[in-house]
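For reference, model.cif is printed below; it contains mmCIF, C-alpha atoms.
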data_query
loop_
_atom_site.group_PDB
_atom_site.id
_atom_site.type_symbol
_atom_site.label_atom_id
_atom_site.label_comp_id
_atom_site.auth_asym_id
_atom_site.auth_seq_id
_atom_site.Cartn_x
_atom_site.Cartn_y
_atom_site.Cartn_z
ATOM 1 C CA MET A 29 -30.126 120.115 38.589
ATOM 2 C CA SER A 30 -26.504 120.491 39.722
ATOM 3 C CA ILE A 31 -25.028 123.794 40.875
ATOM 4 C CA GLN A 32 -22.891 123.782 37.725
ATOM 5 C CA ASP A 33 -25.962 123.383 35.500
ATOM 6 C CA ILE A 34 -27.798 126.119 37.410
ATOM 7 C CA TYR A 35 -24.784 128.416 37.019
ATOM 8 C CA GLN A 36 -24.454 127.673 33.293
ATOM 9 C CA LYS A 37 -28.136 128.288 32.584
ATOM 10 C CA ALA A 38 -28.143 131.631 34.406
ATOM 11 C CA ILE A 39 -24.800 132.937 33.081
ATOM 12 C CA ARG A 40 -25.665 132.049 29.488
ATOM 13 C CA TYR A 41 -29.066 133.727 29.751
ATOM 14 C CA ALA A 42 -27.692 136.867 31.406
ATOM 15 C CA ALA A 43 -24.635 137.089 29.142
ATOM 16 C CA GLU A 44 -26.794 136.831 26.048
ATOM 17 C CA LYS A 45 -29.250 139.516 27.199
ATOM 18 C CA HIS A 46 -26.478 141.942 28.200
ATOM 19 C CA ALA A 47 -24.506 141.207 25.001
ATOM 20 C CA GLU A 48 -27.567 141.933 22.839
ATOM 21 C CA LEU A 49 -27.193 145.530 24.028
ATOM 22 C CA GLN A 50 -23.397 145.384 23.641
ATOM 23 C CA GLN A 51 -22.929 146.134 27.317
ATOM 24 C CA THR A 52 -19.403 146.190 28.660
ATOM 25 C CA LEU A 53 -17.842 147.066 31.983
ATOM 26 C CA PRO A 54 -17.828 150.889 32.274
ATOM 27 C CA GLY A 55 -14.857 152.456 30.540
ATOM 28 C CA SER A 56 -13.656 149.159 29.022
ATOM 29 C CA ILE A 57 -14.214 146.601 26.276
ATOM 30 C CA ILE A 58 -14.685 143.775 28.802
ATOM 31 C CA PRO A 59 -18.036 141.999 28.356
ATOM 32 C CA TYR A 60 -20.535 142.737 31.124
ATOM 33 C CA ALA A 61 -20.821 139.012 31.902
ATOM 34 C CA VAL A 62 -17.419 139.271 33.631
ATOM 35 C CA HIS A 63 -19.017 141.448 36.326
ATOM 36 C CA LEU A 64 -21.846 138.948 36.757
ATOM 37 C CA SER A 65 -19.446 136.033 37.090
ATOM 38 C CA ASN A 66 -17.370 137.991 39.618
ATOM 39 C CA VAL A 67 -20.453 138.596 41.772
ATOM 40 C CA ALA A 68 -21.310 134.890 41.538
ATOM 41 C CA MET A 69 -17.745 133.976 42.511
ATOM 42 C CA GLU A 70 -18.071 136.117 45.656
ATOM 43 C CA ILE A 71 -21.312 134.271 46.444
ATOM 44 C CA LEU A 72 -19.751 130.835 45.902
ATOM 45 C CA VAL A 73 -16.850 131.607 48.226
ATOM 46 C CA ALA A 74 -19.140 133.198 50.819
ATOM 47 C CA ALA A 75 -21.410 130.137 50.700
ATOM 48 C CA SER A 76 -18.486 127.934 51.698
ATOM 49 C CA HIS A 77 -18.050 130.133 54.812
ATOM 50 C CA THR A 78 -21.760 130.387 55.671
ATOM 51 C CA GLU A 79 -24.104 127.917 57.317
ATOM 52 C CA GLU A 80 -27.682 127.558 56.084
ATOM 53 C CA PHE A 81 -27.085 129.372 52.799
ATOM 54 C CA ASP A 82 -29.114 128.528 49.682
ATOM 55 C CA THR A 83 -26.259 128.602 47.199
ATOM 56 C CA GLU A 84 -28.285 127.464 44.192
ATOM 57 C CA PHE A 85 -30.796 130.274 44.674
ATOM 58 C CA ALA A 86 -28.124 132.885 45.447
ATOM 59 C CA ILE A 87 -26.074 131.997 42.347
ATOM 60 C CA GLN A 88 -29.066 132.570 40.099
ATOM 61 C CA VAL A 89 -29.835 135.905 41.732
ATOM 62 C CA ALA A 90 -26.161 136.924 41.529
ATOM 63 C CA LEU A 91 -25.874 136.138 37.839
ATOM 64 C CA LEU A 92 -29.182 137.810 37.003
ATOM 65 C CA HIS A 93 -29.037 140.739 39.445
ATOM 66 C CA ASP A 94 -28.692 143.471 36.783
ATOM 67 C CA ILE A 95 -30.875 141.990 34.066
ATOM 68 C CA LEU A 96 -34.039 143.946 34.874
ATOM 69 C CA GLU A 97 -32.157 147.197 35.393
ATOM 70 C CA ASP A 98 -29.926 146.976 32.317
ATOM 71 C CA THR A 99 -31.806 144.997 29.643
ATOM 72 C CA HIS A 100 -35.277 144.794 28.148
ATOM 73 C CA ILE A 101 -36.202 141.619 30.061
ATOM 74 C CA THR A 102 -39.395 141.909 32.105
ATOM 75 C CA VAL A 103 -40.108 140.451 35.537
ATOM 76 C CA GLU A 104 -42.604 138.107 33.882
ATOM 77 C CA GLU A 105 -40.034 136.795 31.389
ATOM 78 C CA LEU A 106 -37.527 136.291 34.181
ATOM 79 C CA ALA A 107 -40.115 134.473 36.319
ATOM 80 C CA ASN A 108 -41.018 132.187 33.407
ATOM 81 C CA GLU A 109 -37.370 131.254 32.950
ATOM 82 C CA PHE A 110 -36.139 131.094 36.581
ATOM 83 C CA GLY A 111 -39.205 131.133 38.829
ATOM 84 C CA ASN A 112 -41.020 133.755 40.891
ATOM 85 C CA GLU A 113 -38.621 133.783 43.843
ATOM 86 C CA VAL A 114 -35.606 134.544 41.647
ATOM 87 C CA ALA A 115 -37.534 137.182 39.661
ATOM 88 C CA THR A 116 -38.864 138.871 42.809
ATOM 89 C CA SER A 117 -35.393 138.920 44.340
ATOM 90 C CA VAL A 118 -33.813 140.391 41.210
ATOM 91 C CA LEU A 119 -36.567 143.019 41.201
ATOM 92 C CA ALA A 120 -35.660 143.937 44.799
ATOM 93 C CA LEU A 121 -32.053 144.479 43.663
ATOM 94 C CA THR A 122 -33.189 146.694 40.778
ATOM 95 C CA LYS A 123 -33.072 150.444 41.259
ATOM 96 C CA ARG A 124 -36.271 152.240 40.278
ATOM 97 C CA ASP A 125 -35.268 154.911 37.796
ATOM 98 C CA VAL A 126 -38.637 156.638 38.257
ATOM 99 C CA LEU A 127 -37.384 157.801 41.664
ATOM 100 C CA PRO A 128 -34.995 160.716 42.124
ATOM 101 C CA LYS A 129 -31.382 159.497 41.961
ATOM 102 C CA GLU A 130 -30.784 160.356 45.633
ATOM 103 C CA ASP A 131 -33.661 158.072 46.728
ATOM 104 C CA GLN A 132 -32.923 155.060 44.538
ATOM 105 C CA MET A 133 -30.417 153.276 46.792
ATOM 106 C CA SER A 134 -32.410 153.639 50.015
ATOM 107 C CA ASP A 135 -35.516 152.368 48.212
ATOM 108 C CA CYS A 136 -33.568 149.425 46.833
ATOM 109 C CA ILE A 137 -32.070 148.577 50.244
ATOM 110 C CA SER A 138 -35.499 148.686 51.887
ATOM 111 C CA ARG A 139 -36.810 146.190 49.314
ATOM 112 C CA ILE A 140 -33.734 143.965 49.708
ATOM 113 C CA LYS A 141 -34.318 143.866 53.466
ATOM 114 C CA GLN A 142 -37.700 142.245 52.806
ATOM 115 C CA CYS A 143 -35.932 139.325 51.106
ATOM 116 C CA GLY A 144 -33.835 136.471 52.429
ATOM 117 C CA LYS A 145 -30.221 136.882 53.515
ATOM 118 C CA GLU A 146 -29.014 135.433 50.194
ATOM 119 C CA VAL A 147 -30.378 138.521 48.423
ATOM 120 C CA TRP A 148 -28.646 140.739 50.981
ATOM 121 C CA ALA A 149 -25.464 138.786 50.243
ATOM 122 C CA VAL A 150 -25.813 139.418 46.503
ATOM 123 C CA LYS A 151 -25.971 143.174 47.115
ATOM 124 C CA LEU A 152 -22.839 142.987 49.275
ATOM 125 C CA ALA A 153 -21.077 140.866 46.627
ATOM 126 C CA ASP A 154 -22.112 143.297 43.893
ATOM 127 C CA ARG A 155 -20.603 146.259 45.715
ATOM 128 C CA ILE A 156 -17.428 144.280 46.545
ATOM 129 C CA THR A 157 -17.030 143.560 42.843
ATOM 130 C CA ASN A 158 -17.750 147.180 41.907
ATOM 131 C CA LEU A 159 -15.064 148.551 44.239
ATOM 132 C CA GLN A 160 -12.403 147.972 41.601
ATOM 133 C CA PRO A 161 -10.397 150.831 40.130
ATOM 134 C CA PRO A 162 -13.070 153.364 39.132
ATOM 135 C CA PRO A 163 -13.626 154.355 35.497
ATOM 136 C CA SER A 164 -11.101 156.964 34.398
ATOM 137 C CA HIS A 165 -13.848 159.482 33.614
ATOM 138 C CA TRP A 166 -15.076 159.552 37.246
ATOM 139 C CA ASN A 167 -14.081 162.693 39.117
ATOM 140 C CA LYS A 168 -13.159 162.813 42.799
ATOM 141 C CA LEU A 169 -16.709 163.708 43.861
ATOM 142 C CA ARG A 170 -18.198 160.731 41.965
ATOM 143 C CA LYS A 171 -15.653 158.371 43.572
ATOM 144 C CA ALA A 172 -16.327 159.779 47.044
ATOM 145 C CA SER A 173 -20.078 159.438 46.503
ATOM 146 C CA TYR A 174 -19.651 155.813 45.455
ATOM 147 C CA LEU A 175 -17.585 155.122 48.564
ATOM 148 C CA LEU A 176 -20.219 156.767 50.759
ATOM 149 C CA GLU A 177 -22.860 154.570 49.142
ATOM 150 C CA ALA A 178 -20.724 151.462 49.812
ATOM 151 C CA ASN A 179 -20.546 152.406 53.495
ATOM 152 C CA TYR A 180 -24.329 152.860 53.522
ATOM 153 C CA ILE A 181 -24.840 149.392 52.001
ATOM 154 C CA LEU A 182 -22.479 147.830 54.542
ATOM 155 C CA LYS A 183 -24.245 149.531 57.456
ATOM 156 C CA GLU A 184 -27.778 148.778 56.274
ATOM 157 C CA LEU A 185 -27.117 145.139 55.408
ATOM 158 C CA HIS A 186 -25.205 144.352 58.590
ATOM 159 C CA GLY A 187 -25.997 140.841 59.725
ATOM 160 C CA ALA A 188 -26.491 139.528 56.205
ATOM 161 C CA ASN A 189 -23.280 137.581 55.785
ATOM 162 C CA GLU A 190 -20.238 138.041 58.001
ATOM 163 C CA TYR A 191 -17.793 136.837 55.352
ATOM 164 C CA LEU A 192 -19.053 139.300 52.718
ATOM 165 C CA GLU A 193 -19.358 142.119 55.238
ATOM 166 C CA ASN A 194 -15.671 141.693 56.097
ATOM 167 C CA ARG A 195 -14.765 141.574 52.389
ATOM 168 C CA LEU A 196 -16.727 144.761 51.705
ATOM 169 C CA ALA A 197 -15.197 146.558 54.698
ATOM 170 C CA GLY A 198 -11.739 145.713 53.353
ATOM 171 C CA LYS A 199 -12.621 146.873 49.839
ATOM 172 C CA ILE A 200 -13.940 150.150 51.242
ATOM 173 C CA VAL A 201 -10.593 150.788 52.922
ATOM 174 C CA GLU A 202 -8.718 149.973 49.689
ATOM 175 C CA TYR A 203 -11.029 152.166 47.594
ATOM 176 C CA GLN A 204 -10.164 155.236 49.657
ATOM 177 C CA ASP A 205 -6.819 155.323 47.811
ATOM 178 C CA TYR A 206 -8.678 156.235 44.595
ATOM 179 C CA ILE A 207 -10.092 159.401 46.157
ATOM 180 C CA ILE A 208 -6.812 160.939 47.233
#

Please, can you express the file's structure as structure tokens?
Amino acid sequence: MSIQDIYQKAIRYAAEKHAELQQTLPGSIIPYAVHLSNVAMEILVAASHTEEFDTEFAIQVALLHDILEDTHITVEELANEFGNEVATSVLALTKRDVLPKEDQMSDCISRIKQCGKEVWAVKLADRITNLQPPPSHWNKLRKASYLLEANYILKELHGANEYLENRLAGKIVEYQDYII
């Protein structure tokens, strides 16, 4: 299957599942699939700057990275559609809401670290994409907390992908303007 066919299968599946719940980007009417495609775009560009990178695998994980956290899809359903490796990797990227909020990110990062560098790259790409202008309803403390979390992700996933690490570091600097 070509990279284009892989991309189309994953984006259509994810877009449909997120749209069933009428999910949009926070504080907007933009369909949630735009976020997913932005994460995948970061992965595609990073892949062109990275040796020994499984782009086909990473694209699927990028496009599906929020499906377990934000929809009713189960790990088993995801594995049946995209295979165990993709499902397991998406599960690693999924925060466990049974944990206290303050422990969710560190738990997620520890599970990501048990996966291949492509999964690390997806987490970096996700945070790069999320460091856009914050939703208007976020207060200064929420924005500062999000920035702190971005720094934590960058530090913990150092060595994952130099291109994406540099992109995230730049986005962190830009995001500081939203806290002032």

12 Å contact set for range 167-176 of chain A, all atoms listed in the file, chain neighbours under 6 positions out, as a ChimeraX atom specification: /A:130,133,155-156,158-161,182-183,196-197,199-208

CA of Val118 in chain A to CA of Val103 in chain A, distance in Å rounded to a single decimal: 8.5 Å

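Atom to atom, CA of Asp135 in chain A and CA of Tyr180 in chain A stand 12.4 Å apart.
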
Test item: the PyMOL selection byres ((chain A and resi 124) around 12) resolved as a list in words: Leu96, Glu97, Asp98, Leu119, Ala120, Leu121, Thr122, Lys123, Asp125, Val126, Leu127, Pro128, Lys129, Glu130, Asp131, Gln132, Met133, Ser134, Asp135, Cys136, Ile137 and Arg139 of chain A

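Near His77 in chain A, within 9 Å and counting all atoms listed in the file, sit Val73, Ala74, Ala75, Glu79, Glu190 and Tyr191 of chain A; same-chain residues fewer than 2 positions away were not included.
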
Length of the CA of Met29 in chain A to CA of Ala90 in chain A vector [Å]: 17.5 Å

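In this comparison, which uses only C-alpha atoms, the residue of A:Glu146, A:Glu44, A:Asp94, A:Glu184 approaching Glu113 in chain A most closely is A:Glu146.
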
Contact residues around Lys45 in chain A with only C-alpha atoms at 8 Å, ignoring same-chain residues under 4 positions, as a PyMOL selection string: chain A and resi 41+49+95+99+101

Output C-alpha atoms of each residue in that selection to a file, as an mmCIF file, keeping the file's coordinate frame.
data_model
loop_
_atom_site.group_PDB
_atom_site.id
_atom_site.type_symbol
_atom_site.label_atom_id
_atom_site.label_comp_id
_atom_site.auth_asym_id
_atom_site.auth_seq_id
_atom_site.Cartn_x
_atom_site.Cartn_y
_atom_site.Cartn_z
ATOM 1 C CA TYR A 41 -29.066 133.727 29.751
ATOM 2 C CA LEU A 49 -27.193 145.530 24.028
ATOM 3 C CA ILE A 95 -30.875 141.990 34.066
ATOM 4 C CA THR A 99 -31.806 144.997 29.643
ATOM 5 C CA ILE A 101 -36.202 141.619 30.061
#

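Across A:Glu80, A:Glu193, A:Glu70, A:Asp33, the tightest approach to Gly144 in chain A is made by A:Glu80 when counting all atoms listed in the file.
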
Identify, on the basis of all atoms listed in the file, every residue whose closest approach to Lys37 in chain A does not exceed 12 Å; exclude the query and any residue fewer than 2 positions from it along the same chain; express the result as a tab-separated table (two decimals) with C-alpha atoms, keeping the file's coordinate frame.
chain	number	residue	atom	x	y	z
A	29	MET	CA	-30.13	120.12	38.59
A	30	SER	CA	-26.50	120.49	39.72
A	31	ILE	CA	-25.03	123.79	40.88
A	32	GLN	CA	-22.89	123.78	37.72
A	33	ASP	CA	-25.96	123.38	35.50
A	34	ILE	CA	-27.80	126.12	37.41
A	35	TYR	CA	-24.78	128.42	37.02
A	39	ILE	CA	-24.80	132.94	33.08
A	40	ARG	CA	-25.66	132.05	29.49
A	41	TYR	CA	-29.07	133.73	29.75
A	42	ALA	CA	-27.69	136.87	31.41
A	43	ALA	CA	-24.64	137.09	29.14
A	44	GLU	CA	-26.79	136.83	26.05
A	84	GLU	CA	-28.28	127.46	44.19
A	87	ILE	CA	-26.07	132.00	42.35
A	88	GLN	CA	-29.07	132.57	40.10
A	91	LEU	CA	-25.87	136.14	37.84
A	92	LEU	CA	-29.18	137.81	37.00
A	109	GLU	CA	-37.37	131.25	32.95
A	110	PHE	CA	-36.14	131.09	36.58

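Shortest atom-to-atom contact with Asp154 in chain A among A:Ala61, A:Val67, A:Leu106, A:Ala47: A:Val67, counting all atoms listed in the file.
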
Chain and number of each residue from the PyMOL selection byres ((chain A and resi 163) around 9), as a PyMOL selection string: chain A and resi 54-56+160-162+164-166

Nearest to His63 in chain A by atom-to-atom distance, counting all atoms listed in the file, from A:Thr157, A:Gln51, A:Asn179, A:Thr116: A:Thr157

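The smallest atom-to-atom distance between Ile71 in chain A and any of A:Thr102, A:Asn194, A:Asn189, A:Ser117, using all atoms listed in the file, is found for A:Asn189.
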
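With only C-alpha atoms as the atoms that count, the residue of A:Gln36, A:Glu104, A:Gly111, A:Leu185 with the shortest distance to Trp148 in chain A is A:Leu185.
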
Give the centre and edge lengths of an axis-aligned box, in Å to one decimal, that holds all listed atoms of range 183-192 of chain A with 5 Å on each side, as lines of an AutoDock Vina configuration file.
center_x = -22.8
center_y = 143.2
center_z = 56.2
size_x = 20.0
size_y = 22.7
size_z = 17.0

Residue completion, range 69-93 of chain A, N, CA and C atoms, as a PDB file, in the frame of the given file:
ATOM      1  N   MET A  69     -18.923 134.546  41.851  1.00  0.00           N
ATOM      2  CA  MET A  69     -17.745 133.976  42.511  1.00  0.00           C
ATOM      3  C   MET A  69     -17.700 134.392  43.976  1.00  0.00           C
ATOM      4  N   GLU A  70     -18.013 135.654  44.266  1.00  0.00           N
ATOM      5  CA  GLU A  70     -18.071 136.117  45.656  1.00  0.00           C
ATOM      6  C   GLU A  70     -19.115 135.310  46.438  1.00  0.00           C
ATOM      7  N   ILE A  71     -20.241 135.043  45.806  1.00  0.00           N
ATOM      8  CA  ILE A  71     -21.312 134.271  46.444  1.00  0.00           C
ATOM      9  C   ILE A  71     -20.862 132.835  46.698  1.00  0.00           C
ATOM     10  N   LEU A  72     -20.221 132.219  45.727  1.00  0.00           N
ATOM     11  CA  LEU A  72     -19.751 130.835  45.902  1.00  0.00           C
ATOM     12  C   LEU A  72     -18.763 130.721  47.057  1.00  0.00           C
ATOM     13  N   VAL A  73     -17.831 131.648  47.137  1.00  0.00           N
ATOM     14  CA  VAL A  73     -16.850 131.607  48.226  1.00  0.00           C
ATOM     15  C   VAL A  73     -17.538 131.889  49.556  1.00  0.00           C
ATOM     16  N   ALA A  74     -18.412 132.877  49.585  1.00  0.00           N
ATOM     17  CA  ALA A  74     -19.140 133.198  50.819  1.00  0.00           C
ATOM     18  C   ALA A  74     -19.972 132.002  51.282  1.00  0.00           C
ATOM     19  N   ALA A  75     -20.584 131.296  50.353  1.00  0.00           N
ATOM     20  CA  ALA A  75     -21.410 130.137  50.700  1.00  0.00           C
ATOM     21  C   ALA A  75     -20.592 129.076  51.427  1.00  0.00           C
ATOM     22  N   SER A  76     -19.331 128.937  51.045  1.00  0.00           N
ATOM     23  CA  SER A  76     -18.486 127.934  51.698  1.00  0.00           C
ATOM     24  C   SER A  76     -18.110 128.351  53.123  1.00  0.00           C
ATOM     25  N   HIS A  77     -18.334 129.609  53.473  1.00  0.00           N
ATOM     26  CA  HIS A  77     -18.050 130.133  54.812  1.00  0.00           C
ATOM     27  C   HIS A  77     -19.326 130.407  55.614  1.00  0.00           C
ATOM     28  N   THR A  78     -20.488 130.005  55.074  1.00  0.00           N
ATOM     29  CA  THR A  78     -21.760 130.387  55.671  1.00  0.00           C
ATOM     30  C   THR A  78     -22.659 129.165  55.857  1.00  0.00           C
ATOM     31  N   GLU A  79     -23.158 128.998  57.061  1.00  0.00           N
ATOM     32  CA  GLU A  79     -24.104 127.917  57.317  1.00  0.00           C
ATOM     33  C   GLU A  79     -25.501 128.327  56.848  1.00  0.00           C
ATOM     34  N   GLU A  80     -26.295 127.332  56.494  1.00  0.00           N
ATOM     35  CA  GLU A  80     -27.682 127.558  56.084  1.00  0.00           C
ATOM     36  C   GLU A  80     -27.803 128.640  55.014  1.00  0.00           C
ATOM     37  N   PHE A  81     -27.109 128.431  53.916  1.00  0.00           N
ATOM     38  CA  PHE A  81     -27.085 129.372  52.799  1.00  0.00           C
ATOM     39  C   PHE A  81     -27.561 128.631  51.555  1.00  0.00           C
ATOM     40  N   ASP A  82     -28.576 129.155  50.885  1.00  0.00           N
ATOM     41  CA  ASP A  82     -29.114 128.528  49.682  1.00  0.00           C
ATOM     42  C   ASP A  82     -28.283 128.979  48.476  1.00  0.00           C
ATOM     43  N   THR A  83     -27.224 128.242  48.243  1.00  0.00           N
ATOM     44  CA  THR A  83     -26.259 128.602  47.199  1.00  0.00           C
ATOM     45  C   THR A  83     -26.881 128.571  45.813  1.00  0.00           C
ATOM     46  N   GLU A  84     -27.682 127.573  45.527  1.00  0.00           N
ATOM     47  CA  GLU A  84     -28.285 127.464  44.192  1.00  0.00           C
ATOM     48  C   GLU A  84     -29.157 128.679  43.882  1.00  0.00           C
ATOM     49  N   PHE A  85     -29.954 129.082  44.838  1.00  0.00           N
ATOM     50  CA  PHE A  85     -30.796 130.274  44.674  1.00  0.00           C
ATOM     51  C   PHE A  85     -29.932 131.524  44.542  1.00  0.00           C
ATOM     52  N   ALA A  86     -28.965 131.686  45.433  1.00  0.00           N
ATOM     53  CA  ALA A  86     -28.124 132.885  45.447  1.00  0.00           C
ATOM     54  C   ALA A  86     -27.314 133.034  44.164  1.00  0.00           C
ATOM     55  N   ILE A  87     -26.843 131.940  43.604  1.00  0.00           N
ATOM     56  CA  ILE A  87     -26.074 131.997  42.347  1.00  0.00           C
ATOM     57  C   ILE A  87     -26.941 132.534  41.218  1.00  0.00           C
ATOM     58  N   GLN A  88     -28.170 132.071  41.154  1.00  0.00           N
ATOM     59  CA  GLN A  88     -29.066 132.570  40.099  1.00  0.00           C
ATOM     60  C   GLN A  88     -29.309 134.069  40.262  1.00  0.00           C
ATOM     61  N   VAL A  89     -29.580 134.484  41.476  1.00  0.00           N
ATOM     62  CA  VAL A  89     -29.835 135.905  41.732  1.00  0.00           C
ATOM     63  C   VAL A  89     -28.583 136.724  41.416  1.00  0.00           C
ATOM     64  N   ALA A  90     -27.420 136.209  41.800  1.00  0.00           N
ATOM     65  CA  ALA A  90     -26.161 136.924  41.529  1.00  0.00           C
ATOM     66  C   ALA A  90     -25.939 137.115  40.037  1.00  0.00           C
ATOM     67  N   LEU A  91     -26.128 136.063  39.276  1.00  0.00           N
ATOM     68  CA  LEU A  91     -25.874 136.138  37.839  1.00  0.00           C
ATOM     69  C   LEU A  91     -26.913 136.969  37.093  1.00  0.00           C
ATOM     70  N   LEU A  92     -28.082 137.091  37.666  1.00  0.00           N
ATOM     71  CA  LEU A  92     -29.182 137.810  37.003  1.00  0.00           C
ATOM     72  C   LEU A  92     -29.461 139.176  37.632  1.00  0.00           C
ATOM     73  N   HIS A  93     -28.669 139.584  38.616  1.00  0.00           N
ATOM     74  CA  HIS A  93     -29.037 140.739  39.445  1.00  0.00           C
ATOM     75  C   HIS A  93     -29.211 142.050  38.685  1.00  0.00           C
TER      76      HIS A  93
END
